[in-house]
file model-v2.cif (mmCIF, C-alpha atoms)
data_upload
loop_
_atom_site.label_atom_id
_atom_site.label_comp_id
_atom_site.auth_asym_id
_atom_site.auth_seq_id
_atom_site.Cartn_x
_atom_site.Cartn_y
_atom_site.Cartn_z
CA MET A 550 -4.05 10.95 -13.84
CA CYS A 551 -6.45 8.06 -13.40
CA LEU A 552 -7.75 6.11 -16.38
CA ALA A 553 -11.49 5.63 -16.05
CA VAL A 554 -12.07 2.99 -18.72
CA PRO A 555 -11.72 -0.67 -17.73
CA MET A 556 -9.70 -2.66 -20.30
CA GLU A 557 -10.66 -6.10 -21.54
CA VAL A 558 -8.18 -8.90 -20.91
CA ILE A 559 -7.24 -10.74 -24.11
CA GLU A 560 -4.62 -13.10 -22.66
CA THR A 561 -2.40 -13.51 -19.61
CA ARG A 562 1.19 -14.72 -19.30
CA GLY A 563 3.56 -15.64 -16.50
CA SER A 564 2.95 -16.73 -12.96
CA GLU A 565 2.06 -15.00 -9.73
CA ASP A 566 4.83 -13.97 -7.29
CA ASP A 567 7.67 -14.16 -9.81
CA PHE A 568 9.33 -10.80 -9.24
CA LEU A 569 12.00 -11.32 -11.88
CA ASP A 570 9.55 -12.07 -14.67
CA PRO A 571 6.25 -10.68 -13.40
CA PRO A 572 2.90 -11.86 -14.76
CA VAL A 573 1.32 -9.67 -17.44
CA ALA A 574 -1.94 -9.35 -19.37
CA VAL A 575 -2.53 -8.15 -22.88
CA VAL A 576 -5.50 -5.79 -22.60
CA GLU A 577 -7.61 -3.82 -25.02
CA ALA A 578 -9.99 -0.86 -24.85
CA GLN A 579 -11.42 1.23 -27.64
CA GLY A 580 -9.10 -0.36 -30.21
CA THR A 581 -5.92 0.23 -28.16
CA ARG A 582 -3.88 -2.75 -27.01
CA ALA A 583 -1.39 -2.67 -24.19
CA THR A 584 0.54 -5.05 -21.96
CA VAL A 585 0.01 -4.45 -18.26
CA ARG A 586 1.60 -5.97 -15.17
CA LEU A 587 -0.44 -8.14 -12.81
CA ASP A 588 1.79 -8.03 -9.68
CA ILE A 589 -0.53 -5.80 -7.65
CA VAL A 590 -3.99 -6.66 -9.01
CA ASP A 591 -6.49 -7.78 -6.35
CA ARG A 592 -7.49 -10.97 -8.21
CA MET A 593 -5.75 -12.62 -11.17
CA PRO A 594 -7.93 -11.96 -14.23
CA GLY A 595 -8.58 -14.34 -17.10
CA PRO A 596 -9.48 -13.67 -20.74
CA GLY A 597 -12.84 -11.87 -20.95
CA ASP A 598 -12.44 -10.18 -17.53
CA TYR A 599 -11.84 -6.45 -17.33
CA VAL A 600 -9.11 -4.63 -15.42
CA ILE A 601 -8.63 -1.07 -14.22
CA VAL A 602 -5.13 0.07 -15.12
CA HIS A 603 -2.86 2.61 -13.43
CA ALA A 604 0.65 3.48 -14.65
CA GLY A 605 1.01 0.23 -16.57
CA PHE A 606 -0.28 -1.99 -13.75
CA ALA A 607 -3.71 -3.59 -13.37
CA ILE A 608 -5.05 -2.56 -9.96
CA HIS A 609 -8.50 -4.18 -9.98
CA THR A 610 -10.22 -7.03 -11.80
CA LEU A 611 -13.91 -6.95 -12.63
CA SER A 612 -16.07 -9.45 -14.48
CA LYS A 613 -17.89 -8.47 -17.68
CA GLU A 614 -21.16 -8.36 -15.70
CA GLU A 615 -19.67 -6.01 -13.10
CA ALA A 616 -18.31 -3.77 -15.85
CA GLU A 617 -21.77 -3.50 -17.39
CA LYS A 618 -23.76 -3.26 -14.18
CA SER A 619 -23.01 0.38 -13.47
CA LEU A 620 -25.70 1.93 -15.67
CA GLU A 621 -28.47 0.09 -13.85
CA LEU A 622 -26.99 1.28 -10.57
CA PHE A 623 -27.19 4.94 -11.62
CA ASP A 624 -30.86 4.54 -12.48
CA GLU A 625 -31.54 2.83 -9.21
CA MET A 626 -29.91 5.71 -7.29
CA ALA A 627 -31.95 8.37 -9.09
CA GLU A 628 -35.20 6.57 -8.38
CA ARG A 629 -34.53 5.91 -4.71
CA ALA A 630 -36.03 8.66 -2.63
CA MET B 750 -20.23 8.66 -27.52
CA ILE B 751 -22.96 9.20 -24.97
CA ARG B 752 -25.76 6.73 -25.38
CA GLN B 753 -29.40 7.80 -25.15
CA ASN B 754 -30.00 5.86 -21.94
CA GLU B 755 -27.01 7.63 -20.37
CA LYS B 756 -28.47 11.01 -21.35
CA ASP B 757 -31.74 9.99 -19.72
CA ALA B 758 -29.87 8.91 -16.59
CA VAL B 759 -28.10 12.31 -16.46
CA LYS B 760 -31.48 14.08 -16.61
CA ARG B 761 -32.98 11.89 -13.92
CA LEU B 762 -29.98 12.39 -11.64
CA SER B 763 -30.02 16.19 -12.14
CA LYS B 764 -33.71 16.28 -11.23
CA ALA B 765 -33.15 14.08 -8.19
CA ILE B 766 -30.34 16.40 -7.01
CA GLU B 767 -32.57 19.45 -7.49
CA ALA B 768 -35.28 17.74 -5.42
CA ALA B 769 -32.88 16.67 -2.65
CA VAL B 770 -31.07 19.97 -2.07
CA SER B 771 -32.35 22.23 0.70
CA GLY B 772 -29.77 24.82 1.79
CA PRO B 773 -26.35 25.66 0.35
CA VAL B 774 -24.01 22.66 0.09
CA ARG B 775 -20.25 22.84 -0.37
CA ILE B 776 -18.76 19.62 -1.73
CA MET B 777 -15.05 18.87 -2.13
CA GLU B 778 -13.83 16.60 -4.88
CA VAL B 779 -10.60 15.32 -3.37
CA CYS B 780 -9.06 13.84 -6.51
CA GLY B 781 -7.51 15.74 -9.41
CA THR B 782 -9.00 13.37 -11.97
CA HIS B 783 -12.46 14.19 -10.59
CA THR B 784 -11.68 17.90 -10.94
CA MET B 785 -10.82 17.40 -14.62
CA SER B 786 -13.88 15.26 -15.26
CA ILE B 787 -16.18 17.81 -13.60
CA PHE B 788 -14.85 20.53 -15.91
CA ARG B 789 -14.61 18.45 -19.06
CA HIS B 790 -18.19 17.26 -18.78
CA GLY B 791 -19.66 20.56 -17.61
CA ILE B 792 -21.02 18.98 -14.42
CA ARG B 793 -21.43 22.38 -12.72
CA SER B 794 -23.93 23.45 -15.39
CA LEU B 795 -26.15 20.50 -14.39
CA LEU B 796 -26.30 21.47 -10.72
CA PRO B 797 -28.55 23.90 -8.86
CA GLY B 798 -26.85 27.15 -7.75
CA LYS B 799 -26.94 26.08 -4.10
CA ILE B 800 -24.30 23.42 -4.74
CA GLU B 801 -20.70 24.57 -4.77
CA LEU B 802 -17.88 22.26 -5.84
CA VAL B 803 -14.35 22.88 -4.57
CA SER B 804 -11.14 20.98 -5.32
CA GLY B 805 -9.08 19.23 -2.67
CA PRO B 806 -5.47 18.11 -2.18
CA GLY B 807 -5.63 15.20 -4.64
CA CYS B 808 -3.31 16.32 -7.42
CA PRO B 809 0.00 14.62 -6.57
CA VAL B 810 2.23 17.02 -8.48
CA CYS B 811 0.45 20.03 -6.95
CA VAL B 812 1.01 18.92 -3.35
CA THR B 813 4.70 18.06 -3.85
CA SER B 814 6.70 20.50 -1.77
CA GLN B 815 9.02 23.06 -3.31
CA GLU B 816 11.97 21.39 -1.49
CA ASP B 817 11.21 18.06 -3.16
CA ILE B 818 10.82 19.70 -6.57
CA ASP B 819 14.21 21.40 -6.09
CA ARG B 820 15.84 18.15 -4.98
CA MET B 821 14.49 16.33 -8.04
CA ILE B 822 15.91 19.04 -10.28
CA ALA B 823 19.25 18.83 -8.44
CA LEU B 824 19.27 15.05 -9.04
CA SER B 825 18.87 15.62 -12.77
CA SER B 826 22.07 17.65 -12.90
CA LEU B 827 24.26 14.91 -11.33
CA LYS B 828 26.79 13.15 -13.56
CA ASP B 829 25.54 10.07 -15.47
CA VAL B 830 22.06 10.40 -13.98
CA THR B 831 18.94 9.97 -16.07
CA VAL B 832 15.79 11.21 -14.38
CA ALA B 833 12.70 9.25 -15.40
CA THR B 834 9.37 10.82 -14.51
CA PHE B 835 5.68 11.07 -15.28
CA GLY B 836 5.18 13.95 -17.72
CA ASP B 837 3.29 16.25 -15.33
CA LEU B 838 6.36 17.05 -13.24
CA VAL B 839 8.62 18.26 -16.01
CA ARG B 840 7.40 21.83 -16.27
CA VAL B 841 6.82 22.50 -12.56
CA PRO B 842 8.96 25.53 -11.68
CA GLY B 843 11.55 24.92 -8.98
CA SER B 844 13.08 27.74 -6.96
CA GLY B 845 15.62 28.21 -9.75
CA LYS B 846 14.52 26.26 -12.81
CA SER B 847 12.24 23.42 -13.88
CA LEU B 848 13.21 19.92 -15.03
CA ALA B 849 12.39 21.10 -18.56
CA GLN B 850 14.89 23.94 -18.25
CA ALA B 851 17.46 21.55 -16.74
CA ARG B 852 16.91 19.31 -19.76
CA ALA B 853 17.49 22.26 -22.11
CA GLU B 854 20.78 22.81 -20.27
CA GLY B 855 21.85 19.23 -20.93
CA ALA B 856 20.28 17.13 -18.13
CA ASP B 857 18.88 13.74 -19.20
CA VAL B 858 15.16 13.88 -18.30
CA GLN B 859 12.95 11.14 -19.75
CA ILE B 860 9.18 10.92 -19.56
CA VAL B 861 7.79 7.47 -18.79
CA TYR B 862 4.26 6.16 -18.55
CA SER B 863 5.04 3.51 -15.94
CA PRO B 864 7.75 3.01 -13.29
CA SER B 865 8.48 -0.34 -14.95
CA ASP B 866 9.43 1.56 -18.14
CA ALA B 867 12.03 3.41 -16.05
CA LEU B 868 13.44 0.10 -14.82
CA ASP B 869 13.59 -1.20 -18.42
CA MET B 870 15.49 1.95 -19.31
CA ALA B 871 18.02 1.18 -16.54
CA LEU B 872 18.38 -2.45 -17.64
CA LYS B 873 19.08 -1.39 -21.22
CA ASN B 874 21.49 1.43 -20.31
CA ARG B 875 23.72 -0.05 -17.63
CA HIS B 876 26.20 2.86 -17.81
CA LYS B 877 23.43 5.27 -16.72
CA LYS B 878 22.02 5.73 -13.24
CA VAL B 879 18.27 5.92 -13.74
CA VAL B 880 16.33 7.71 -10.99
CA PHE B 881 12.55 7.38 -11.08
CA LEU B 882 10.71 10.26 -9.40
CA GLY B 883 8.08 8.58 -7.24
CA VAL B 884 5.22 11.05 -7.05
CA GLY B 885 1.69 9.86 -6.37
CA PHE B 886 -0.73 8.52 -3.77
CA GLU B 887 -1.77 5.01 -2.73
CA THR B 888 -2.63 4.16 -6.35
CA THR B 889 0.87 4.80 -7.65
CA ALA B 890 3.00 3.67 -4.68
CA PRO B 891 2.24 -0.09 -5.15
CA THR B 892 3.29 0.14 -8.83
CA VAL B 893 6.61 1.61 -7.69
CA ALA B 894 6.92 -1.01 -4.94
CA ALA B 895 6.42 -3.81 -7.49
CA THR B 896 9.07 -2.20 -9.70
CA LEU B 897 11.55 -1.98 -6.80
CA LEU B 898 10.97 -5.65 -5.98
CA GLN B 899 11.65 -6.50 -9.61
CA ALA B 900 14.80 -4.34 -9.57
CA ARG B 901 16.03 -6.18 -6.48
CA ALA B 902 15.27 -9.59 -8.01
CA ALA B 903 17.18 -8.55 -11.15
CA LYS B 904 20.12 -7.40 -8.95
CA THR B 905 20.06 -4.04 -10.72
CA ASP B 906 22.70 -1.59 -9.52
CA ASN B 907 21.70 1.41 -11.65
CA PHE B 908 18.02 1.95 -10.79
CA PHE B 909 16.86 4.19 -7.96
CA VAL B 910 13.66 5.79 -6.73
CA TYR B 911 13.26 9.21 -5.15
CA SER B 912 10.13 8.64 -3.08
CA CYS B 913 7.70 11.49 -2.54
CA HIS B 914 4.70 9.18 -2.29
CA LYS B 915 1.92 10.45 -0.11
CA LEU B 916 -1.03 8.99 1.76
CA MET B 917 -4.47 10.49 1.37
CA PRO B 918 -6.25 9.89 4.73
CA PRO B 919 -3.63 11.75 6.85
CA ALA B 920 -3.82 14.72 4.45
CA LEU B 921 -7.61 14.88 4.73
CA ASP B 922 -7.28 14.67 8.51
CA ALA B 923 -4.80 17.56 8.53
CA LEU B 924 -6.91 19.58 6.14
CA PHE B 925 -10.01 19.47 8.32
CA GLU B 926 -8.14 19.59 11.63
CA HIS B 927 -5.79 22.50 11.01
CA THR B 928 -7.18 24.65 8.22
CA ASP B 929 -10.32 26.64 7.59
CA ALA B 930 -11.53 24.31 4.86
CA LYS B 931 -15.28 24.23 5.38
CA VAL B 932 -17.07 21.61 3.37
CA ASP B 933 -20.27 19.61 3.80
CA GLY B 934 -19.16 16.43 2.08
CA LEU B 935 -16.38 14.68 0.21
CA ILE B 936 -16.32 13.01 -3.18
CA CYS B 937 -13.63 10.49 -2.27
CA PRO B 938 -11.01 9.56 -4.88
CA GLY B 939 -11.80 6.61 -7.14
CA HIS B 940 -8.61 4.66 -7.61
CA VAL B 941 -6.93 5.62 -4.33
CA SER B 942 -10.02 3.98 -2.82
CA THR B 943 -9.53 0.91 -5.05
CA ILE B 944 -6.36 0.36 -3.03
CA ILE B 945 -7.30 1.62 0.46
CA GLY B 946 -10.98 0.57 0.39
CA ALA B 947 -14.15 2.52 1.17
CA SER B 948 -13.77 1.75 4.89
CA ALA B 949 -10.66 3.98 5.01
CA TYR B 950 -12.94 7.03 5.25
CA GLU B 951 -14.79 5.84 8.38
CA PRO B 952 -12.42 7.75 10.72
CA ILE B 953 -13.02 10.98 8.76
CA VAL B 954 -16.78 10.52 9.02
CA ARG B 955 -16.47 9.93 12.76
CA ARG B 956 -14.02 12.74 13.51
CA PHE B 957 -15.46 15.48 11.37
CA GLY B 958 -19.05 14.38 10.76
CA LEU B 959 -18.45 14.63 7.04
CA PRO B 960 -20.47 12.60 4.54
CA CYS B 961 -18.05 10.67 2.28
CA VAL B 962 -19.00 9.10 -1.05
CA VAL B 963 -16.55 7.10 -3.16
CA ALA B 964 -17.06 7.80 -6.87
CA GLY B 965 -15.82 6.76 -10.29
CA PHE B 966 -14.82 9.24 -12.98
CA GLU B 967 -17.71 9.14 -15.47
CA PRO B 968 -20.23 12.00 -15.37
CA LEU B 969 -22.89 9.60 -14.08
CA ASP B 970 -20.57 8.43 -11.30
CA ILE B 971 -19.96 12.00 -10.19
CA LEU B 972 -23.61 13.05 -10.38
CA THR B 973 -24.59 9.99 -8.36
CA ALA B 974 -22.00 10.87 -5.71
CA ILE B 975 -23.30 14.44 -5.52
CA LEU B 976 -26.86 13.16 -5.15
CA LEU B 977 -25.89 10.84 -2.29
CA LEU B 978 -23.92 13.61 -0.56
CA VAL B 979 -26.77 16.10 -0.88
CA ARG B 980 -29.23 13.54 0.50
CA GLN B 981 -26.98 12.84 3.50
CA HIS B 982 -26.48 16.55 4.08
CA SER B 983 -30.20 17.35 3.88
CA LYS B 984 -31.00 14.60 6.39
CA GLY B 985 -28.17 15.65 8.70
CA GLU B 986 -26.44 12.28 8.27
CA ALA B 987 -22.79 11.43 7.80
CA ARG B 988 -21.56 8.04 6.60
CA VAL B 989 -19.44 6.41 3.93
CA GLU B 990 -21.25 5.39 0.76
CA ASN B 991 -19.67 3.70 -2.21
CA CYS B 992 -21.08 4.32 -5.67
CA TYR B 993 -18.01 2.90 -7.39
CA GLU B 994 -18.50 -0.70 -6.32
CA ARG B 995 -17.30 -1.99 -9.69
CA ALA B 996 -13.77 -0.84 -8.74
CA VAL B 997 -13.80 -0.27 -4.98
CA SER B 998 -14.50 -2.81 -2.26
CA GLN B 999 -14.94 -2.15 1.43
CA LYS B 1000 -11.46 -3.47 2.26
CA GLY B 1001 -9.65 -2.36 -0.90
CA ASN B 1002 -6.81 -4.16 -2.62
CA GLU B 1003 -4.97 -5.95 0.19
CA ARG B 1004 -2.44 -7.50 -2.16
CA ALA B 1005 -1.32 -4.09 -3.45
CA ARG B 1006 -1.15 -2.68 0.09
CA ALA B 1007 0.94 -5.63 1.29
CA LEU B 1008 3.47 -5.03 -1.51
CA MET B 1009 3.46 -1.30 -0.82
CA TYR B 1010 4.27 -1.79 2.87
CA LYS B 1011 6.86 -4.47 2.12
CA VAL B 1012 8.91 -1.80 0.33
CA PHE B 1013 7.79 1.47 1.96
CA GLU B 1014 7.14 2.65 5.50
CA PRO B 1015 5.09 5.67 6.60
CA LYS B 1016 7.02 8.79 7.55
CA GLY B 1017 6.33 12.47 8.03
CA ALA B 1018 6.07 14.37 4.75
CA ARG B 1019 5.92 17.94 3.65
CA TRP B 1020 2.95 19.01 1.49
CA ARG B 1021 2.61 22.19 -0.48
CA GLY B 1022 -0.21 24.14 1.10
CA LEU B 1023 -0.54 21.83 4.12
CA GLY B 1024 2.99 21.77 5.55
CA GLU B 1025 4.50 18.87 7.49
CA ILE B 1026 2.02 16.05 8.23
CA ASP B 1027 2.93 13.06 10.43
CA GLU B 1028 2.93 9.62 8.81
CA SER B 1029 1.61 11.05 5.55
CA GLY B 1030 4.48 10.03 3.28
CA LEU B 1031 6.15 6.79 2.26
CA SER B 1032 9.91 6.29 2.51
CA ILE B 1033 11.82 3.31 1.17
CA ARG B 1034 12.60 0.75 3.90
CA ASP B 1035 16.21 0.25 4.94
CA GLU B 1036 16.46 -3.19 3.37
CA PHE B 1037 15.97 -1.51 -0.01
CA SER B 1038 18.31 1.40 0.74
CA ASN B 1039 20.61 0.54 -2.19
CA LEU B 1040 17.68 1.50 -4.45
CA ASP B 1041 16.84 4.70 -2.54
CA ALA B 1042 18.01 7.81 -4.44
CA GLU B 1043 17.81 9.82 -1.24
CA LYS B 1044 20.48 7.60 0.34
CA ARG B 1045 22.59 6.86 -2.74
CA PHE B 1046 23.14 10.41 -3.96
CA GLU B 1047 24.31 13.55 -2.30
CA ILE B 1048 21.62 16.02 -3.25
CA LYS B 1049 22.53 19.65 -2.75
CA THR B 1050 20.02 22.46 -3.11
CA CYS B 1051 19.81 26.10 -2.18
CA GLU B 1052 17.10 27.39 0.14
CA SER B 1053 13.76 26.58 -1.47
CA GLU B 1054 11.33 29.34 -2.11
CA GLU B 1055 7.75 29.04 -3.32
CA PRO B 1056 6.95 31.35 -6.24
CA LYS B 1057 6.05 34.85 -5.06
CA GLY B 1058 2.36 35.73 -5.31
CA CYS B 1059 1.40 32.12 -6.21
CA MET B 1060 -1.75 30.98 -4.40
CA CYS B 1061 -1.42 27.21 -5.07
CA GLY B 1062 -1.22 26.65 -1.29
CA GLN B 1063 -4.55 28.31 -0.59
CA ILE B 1064 -6.11 26.62 -3.62
CA ILE B 1065 -4.97 23.19 -2.36
CA ARG B 1066 -6.57 24.03 1.03
CA ALA B 1067 -9.81 25.08 -0.74
CA GLU B 1068 -9.47 28.55 0.79
CA ALA B 1069 -9.26 30.20 -2.62
CA THR B 1070 -10.23 29.46 -6.20
CA PRO B 1071 -7.91 30.19 -9.15
CA PRO B 1072 -9.62 33.47 -10.16
CA ASP B 1073 -8.74 34.81 -6.67
CA CYS B 1074 -5.04 34.60 -7.60
CA PRO B 1075 -3.59 37.80 -9.07
CA LEU B 1076 -1.29 35.76 -11.31
CA PHE B 1077 -4.03 33.52 -12.75
CA GLY B 1078 -4.44 33.90 -16.50
CA LYS B 1079 -2.01 36.82 -16.53
CA ARG B 1080 1.55 35.92 -15.58
CA CYS B 1081 0.51 32.31 -14.88
CA THR B 1082 -0.90 30.32 -17.82
CA PRO B 1083 -0.36 26.75 -19.05
CA ALA B 1084 2.32 28.12 -21.41
CA THR B 1085 4.06 30.08 -18.64
CA PRO B 1086 3.11 28.32 -15.40
CA VAL B 1087 4.18 29.87 -12.09
CA GLY B 1088 2.81 27.21 -9.75
CA PRO B 1089 2.21 23.45 -10.06
CA CYS B 1090 -1.62 23.74 -10.09
CA MET B 1091 -1.31 25.38 -13.52
CA VAL B 1092 1.13 22.75 -14.82
CA SER B 1093 -0.45 19.44 -13.95
CA SER B 1094 -3.25 18.13 -16.13
CA GLU B 1095 -5.03 17.46 -12.81
CA GLY B 1096 -4.33 20.89 -11.34
CA THR B 1097 -7.25 23.12 -10.40
CA CYS B 1098 -5.76 26.19 -12.11
CA SER B 1099 -5.13 24.24 -15.29
CA ALA B 1100 -8.75 23.03 -15.26
CA TYR B 1101 -10.12 26.55 -14.69
CA PHE B 1102 -7.92 27.93 -17.44
CA ARG B 1103 -8.74 25.25 -20.00
CA TYR B 1104 -12.47 25.13 -19.45
CA GLY B 1105 -13.17 28.73 -18.48
CA ASN B 1106 -13.80 29.82 -14.92
CA HIS B 1107 -17.51 29.04 -14.89
CA ALA B 1108 -17.45 28.09 -11.23
#

call {"tool": "encode", "arguments": {"input": "model-v2.cif", "output": "structure tokens"}}
result
Amino acid sequence: MCLAVPMEVIETRGSEDDFLDPPVAVVEAQGTRATVRLDIVDRMPGPGDYVIVHAGFAIHTLSKEEAEKSLELFDEMAERA
Amino acid sequence: MIRQNEKDAVKRLSKAIEAAVSGPVRIMEVCGTHTMSIFRHGIRSLLPGKIELVSGPGCPVCVTSQEDIDRMIALSSLKDVTVATFGDLVRVPGSGKSLAQARAEGADVQIVYSPSDALDMALKNRHKKVVFLGVGFETTAPTVAATLLQARAAKTDNFFVYSCHKLMPPALDALFEHTDAKVDGLICPGHVSTIIGASAYEPIVRRFGLPCVVAGFEPLDILTAILLLVRQHSKGEARVENCYERAVSQKGNERARALMYKVFEPKGARWRGLGEIDESGLSIRDEFSNLDAEKRFEIKTCESEEPKGCMCGQIIRAEATPPDCPLFGKRCTPATPVGPCMVSSEGTCSAYFRYGNHA
């Protein structure tokens, strides 16, 4: 099952490419906090970025602006003939 | 909470769809999470009658073959083995019993949220052999690959993966090449596309002339995708469009794919409903064979048999809808599932049952 809601990154720990102790982020959405792995994310996020999470792993990083942009996009699509 | 401006956007999109539709349009939502979202949000009630939505082969548990289900259950009954799995698999009936029944008979079956939780379980219980059941598409396989790399770095000798991972593009190819699935456009999966990229659907557009739109899971995402598909269909066009740009790029997540192919290699795989498809599965590469449950355990099963009368196969091929099945809602319910499409939270039968069959 895919989780639709991007989660906000609060802090990150660890370094890239360390398989023994993989990098993680503490993330939060709708009052829920979780720790997610960053080994397969497309771009290392920083605090304030958002990530899409699948099975305990971040799979995509998006900036706050990208996370908020979608509503405008929907409007634009409806208006385009 | 739906904000007022979102409600307005829903209305505008519905109107735009109404205006764009000419003849009948049959649209397949490939992904199980889309199926659930369409039902949960009542998307069908917002669409003109000419638009039909059908579900595709994107529920990983549903497309797992009966043989693989039986082999997973057989694994759970081996001495000192703990089977760690996502929750959806536990109640899928095998030819004899389900993992849930095996657990009631004493097997150690643990539900985990992440493959890395299964590895933690192995590291904390060194006397147990923990086997993670790897079921899922391109979104899940990299998470399992990363976990296997961690297991190797930690020199773990009691963690294994039974890999049933599957690849989406070969399944779509097989579906439109070899079956009677007739659709006019595809709502392409959201997070599979995050990994494989929107460009992965170009061959399907070229081969089958099918409009493909990548979509997110919110109602507005899905309505936008339907609008774009209807517009392409009405104009007689076919191309890939991406209305989930916040999570899906053209190329996808190359880092995740590199990890996935470091650990796995493509192989033929058996799908429920679709049969054997070349290069549509992922097996663990030889250099990781000490972590491969398939190679480390002798798994014995009887002849596998799909449940009699169950139409999951036809439903996965979009040749039937759940109400066509004589078992649906009678012998087969979420409390007494006969086939996997009624068990999984992403299964089409489960969605029809939970939200009423207002198709």

call {"tool": "resolve_selection", "arguments": {"input": "model-v2.cif", "expression": "the PyMOL selection byres ((chain A) within 6 of (chain B))", "output": "NGL selection string"}}
result
:A and (550 or 553 or 568-569 or 589 or 591 or 604-605 or 615 or 627)

call {"tool": "residues_around", "arguments": {"input": "model-v2.cif", "residues": "Ala578 of chain A", "least_positions_apart": "6", "cutoff": "10 Å", "atoms": "only C-alpha atoms", "output": "tab-separated table (two decimals) with C-alpha atoms, in the coordinates of the input"}}
result
chain	number	residue	atom	x	y	z
A	554	VAL	CA	-12.07	2.99	-18.72
A	555	PRO	CA	-11.72	-0.67	-17.73
A	556	MET	CA	-9.70	-2.66	-20.30
A	557	GLU	CA	-10.66	-6.10	-21.54
A	558	VAL	CA	-8.18	-8.90	-20.91
A	599	TYR	CA	-11.84	-6.45	-17.33

call {"tool": "atom_distance", "arguments": {"input": "model-v2.cif", "atom1": "atom CA of Leu924 of chain B", "atom2": "atom CA of Val602 of chain A"}}
result
28.9 Å

call {"tool": "closest_residue", "arguments": {"input": "model-v2.cif", "among": "B:Glu1036, B:Glu990, B:Glu887, B:Asp922", "to": "Ser942 of chain B", "atoms": "all atoms listed in the file"}}
result
B:Glu887

call {"tool": "axis_aligned_box", "arguments": {"input": "model-v2.cif", "around": "segment 574-583 of chain A", "padding_each_side": "3 Å", "output": "lines of an AutoDock Vina configuration file"}}
result
center_x = -6.4
center_y = -4.1
center_z = -24.8
size_x = 16.0
size_y = 16.6
size_z = 16.8

call {"tool": "atom_distance", "arguments": {"input": "model-v2.cif", "atom1": "atom CA of Thr1070 of chain B", "atom2": "atom CA of Cys1098 of chain B"}}
result
8.1 Å

call {"tool": "resolve_selection", "arguments": {"input": "model-v2.cif", "expression": "the PyMOL selection byres ((chain A and resi 565) around 12)", "output": "tab-separated table (two decimals) with C-alpha atoms, keeping the file's coordinate frame"}}
result
chain	number	residue	atom	x	y	z
A	561	THR	CA	-2.40	-13.51	-19.61
A	562	ARG	CA	1.19	-14.72	-19.30
A	563	GLY	CA	3.56	-15.64	-16.50
A	564	SER	CA	2.95	-16.73	-12.96
A	566	ASP	CA	4.83	-13.97	-7.29
A	567	ASP	CA	7.67	-14.16	-9.81
A	568	PHE	CA	9.33	-10.80	-9.24
A	569	LEU	CA	12.00	-11.32	-11.88
A	570	ASP	CA	9.55	-12.07	-14.67
A	571	PRO	CA	6.25	-10.68	-13.40
A	572	PRO	CA	2.90	-11.86	-14.76
A	573	VAL	CA	1.32	-9.67	-17.44
A	574	ALA	CA	-1.94	-9.35	-19.37
A	586	ARG	CA	1.60	-5.97	-15.17
A	587	LEU	CA	-0.44	-8.14	-12.81
A	588	ASP	CA	1.79	-8.03	-9.68
A	589	ILE	CA	-0.53	-5.80	-7.65
A	590	VAL	CA	-3.99	-6.66	-9.01
A	591	ASP	CA	-6.49	-7.78	-6.35
A	592	ARG	CA	-7.49	-10.97	-8.21
A	593	MET	CA	-5.75	-12.62	-11.17
A	594	PRO	CA	-7.93	-11.96	-14.23
B	1004	ARG	CA	-2.44	-7.50	-2.16

call {"tool": "resolve_selection", "arguments": {"input": "model-v2.cif", "expression": "the PyMOL selection byres ((chain A and resi 584) around 6)", "output": "VMD selection string"}}
result
chain A and resid 574 to 575 583 585

call {"tool": "residues_around", "arguments": {"input": "model-v2.cif", "residues": "segment 846-851 of chain B", "least_positions_apart": "6", "cutoff": "10 Å", "atoms": "all atoms listed in the file", "output": "PyMOL selection string"}}
result
chain B and resi 818-819+821-826+832+834+838-840+857-859

call {"tool": "atom_distance", "arguments": {"input": "model-v2.cif", "atom1": "atom CA of Arg789 of chain B", "atom2": "atom CA of Val954 of chain B"}}
result
29.3 Å

call {"tool": "closest_residue", "arguments": {"input": "model-v2.cif", "among": "B:Glu854, B:Asp1035, B:Glu1014, B:Glu1047", "to": "Ala890 of chain B", "atoms": "only C-alpha atoms"}}
result
B:Glu1014

call {"tool": "residues_around", "arguments": {"input": "model-v2.cif", "residues": "Phe908 of chain B", "least_positions_apart": "2", "cutoff": "10 Å", "atoms": "all atoms listed in the file", "output": "list in words"}}
result
Val830, Thr831, Ala867, Leu868, Asp869, Met870, Ala871, Leu872, Arg875, Lys877, Lys878, Val879, Val880, Phe881, Thr896, Leu897, Ala900, Arg901, Lys904, Thr905, Asp906, Val910, Asn1039, Leu1040, Asp1041 and Ala1042 of chain B

call {"tool": "write_last_selection", "arguments": {"input": "model-v2.cif", "atoms": "C-alpha atoms", "output": "short mmCIF file (atom, residue, chain, number, x, y, z; two decimals), in the frame of the given file"}}
result
data_model
loop_
_atom_site.label_atom_id
_atom_site.label_comp_id
_atom_site.auth_asym_id
_atom_site.auth_seq_id
_atom_site.Cartn_x
_atom_site.Cartn_y
_atom_site.Cartn_z
CA VAL B 830 22.06 10.40 -13.98
CA THR B 831 18.94 9.97 -16.07
CA ALA B 867 12.03 3.41 -16.05
CA LEU B 868 13.44 0.10 -14.82
CA ASP B 869 13.59 -1.20 -18.42
CA MET B 870 15.49 1.95 -19.31
CA ALA B 871 18.02 1.18 -16.54
CA LEU B 872 18.38 -2.45 -17.64
CA ARG B 875 23.72 -0.05 -17.63
CA LYS B 877 23.43 5.27 -16.72
CA LYS B 878 22.02 5.73 -13.24
CA VAL B 879 18.27 5.92 -13.74
CA VAL B 880 16.33 7.71 -10.99
CA PHE B 881 12.55 7.38 -11.08
CA THR B 896 9.07 -2.20 -9.70
CA LEU B 897 11.55 -1.98 -6.80
CA ALA B 900 14.80 -4.34 -9.57
CA ARG B 901 16.03 -6.18 -6.48
CA LYS B 904 20.12 -7.40 -8.95
CA THR B 905 20.06 -4.04 -10.72
CA ASP B 906 22.70 -1.59 -9.52
CA VAL B 910 13.66 5.79 -6.73
CA ASN B 1039 20.61 0.54 -2.19
CA LEU B 1040 17.68 1.50 -4.45
CA ASP B 1041 16.84 4.70 -2.54
CA ALA B 1042 18.01 7.81 -4.44
#
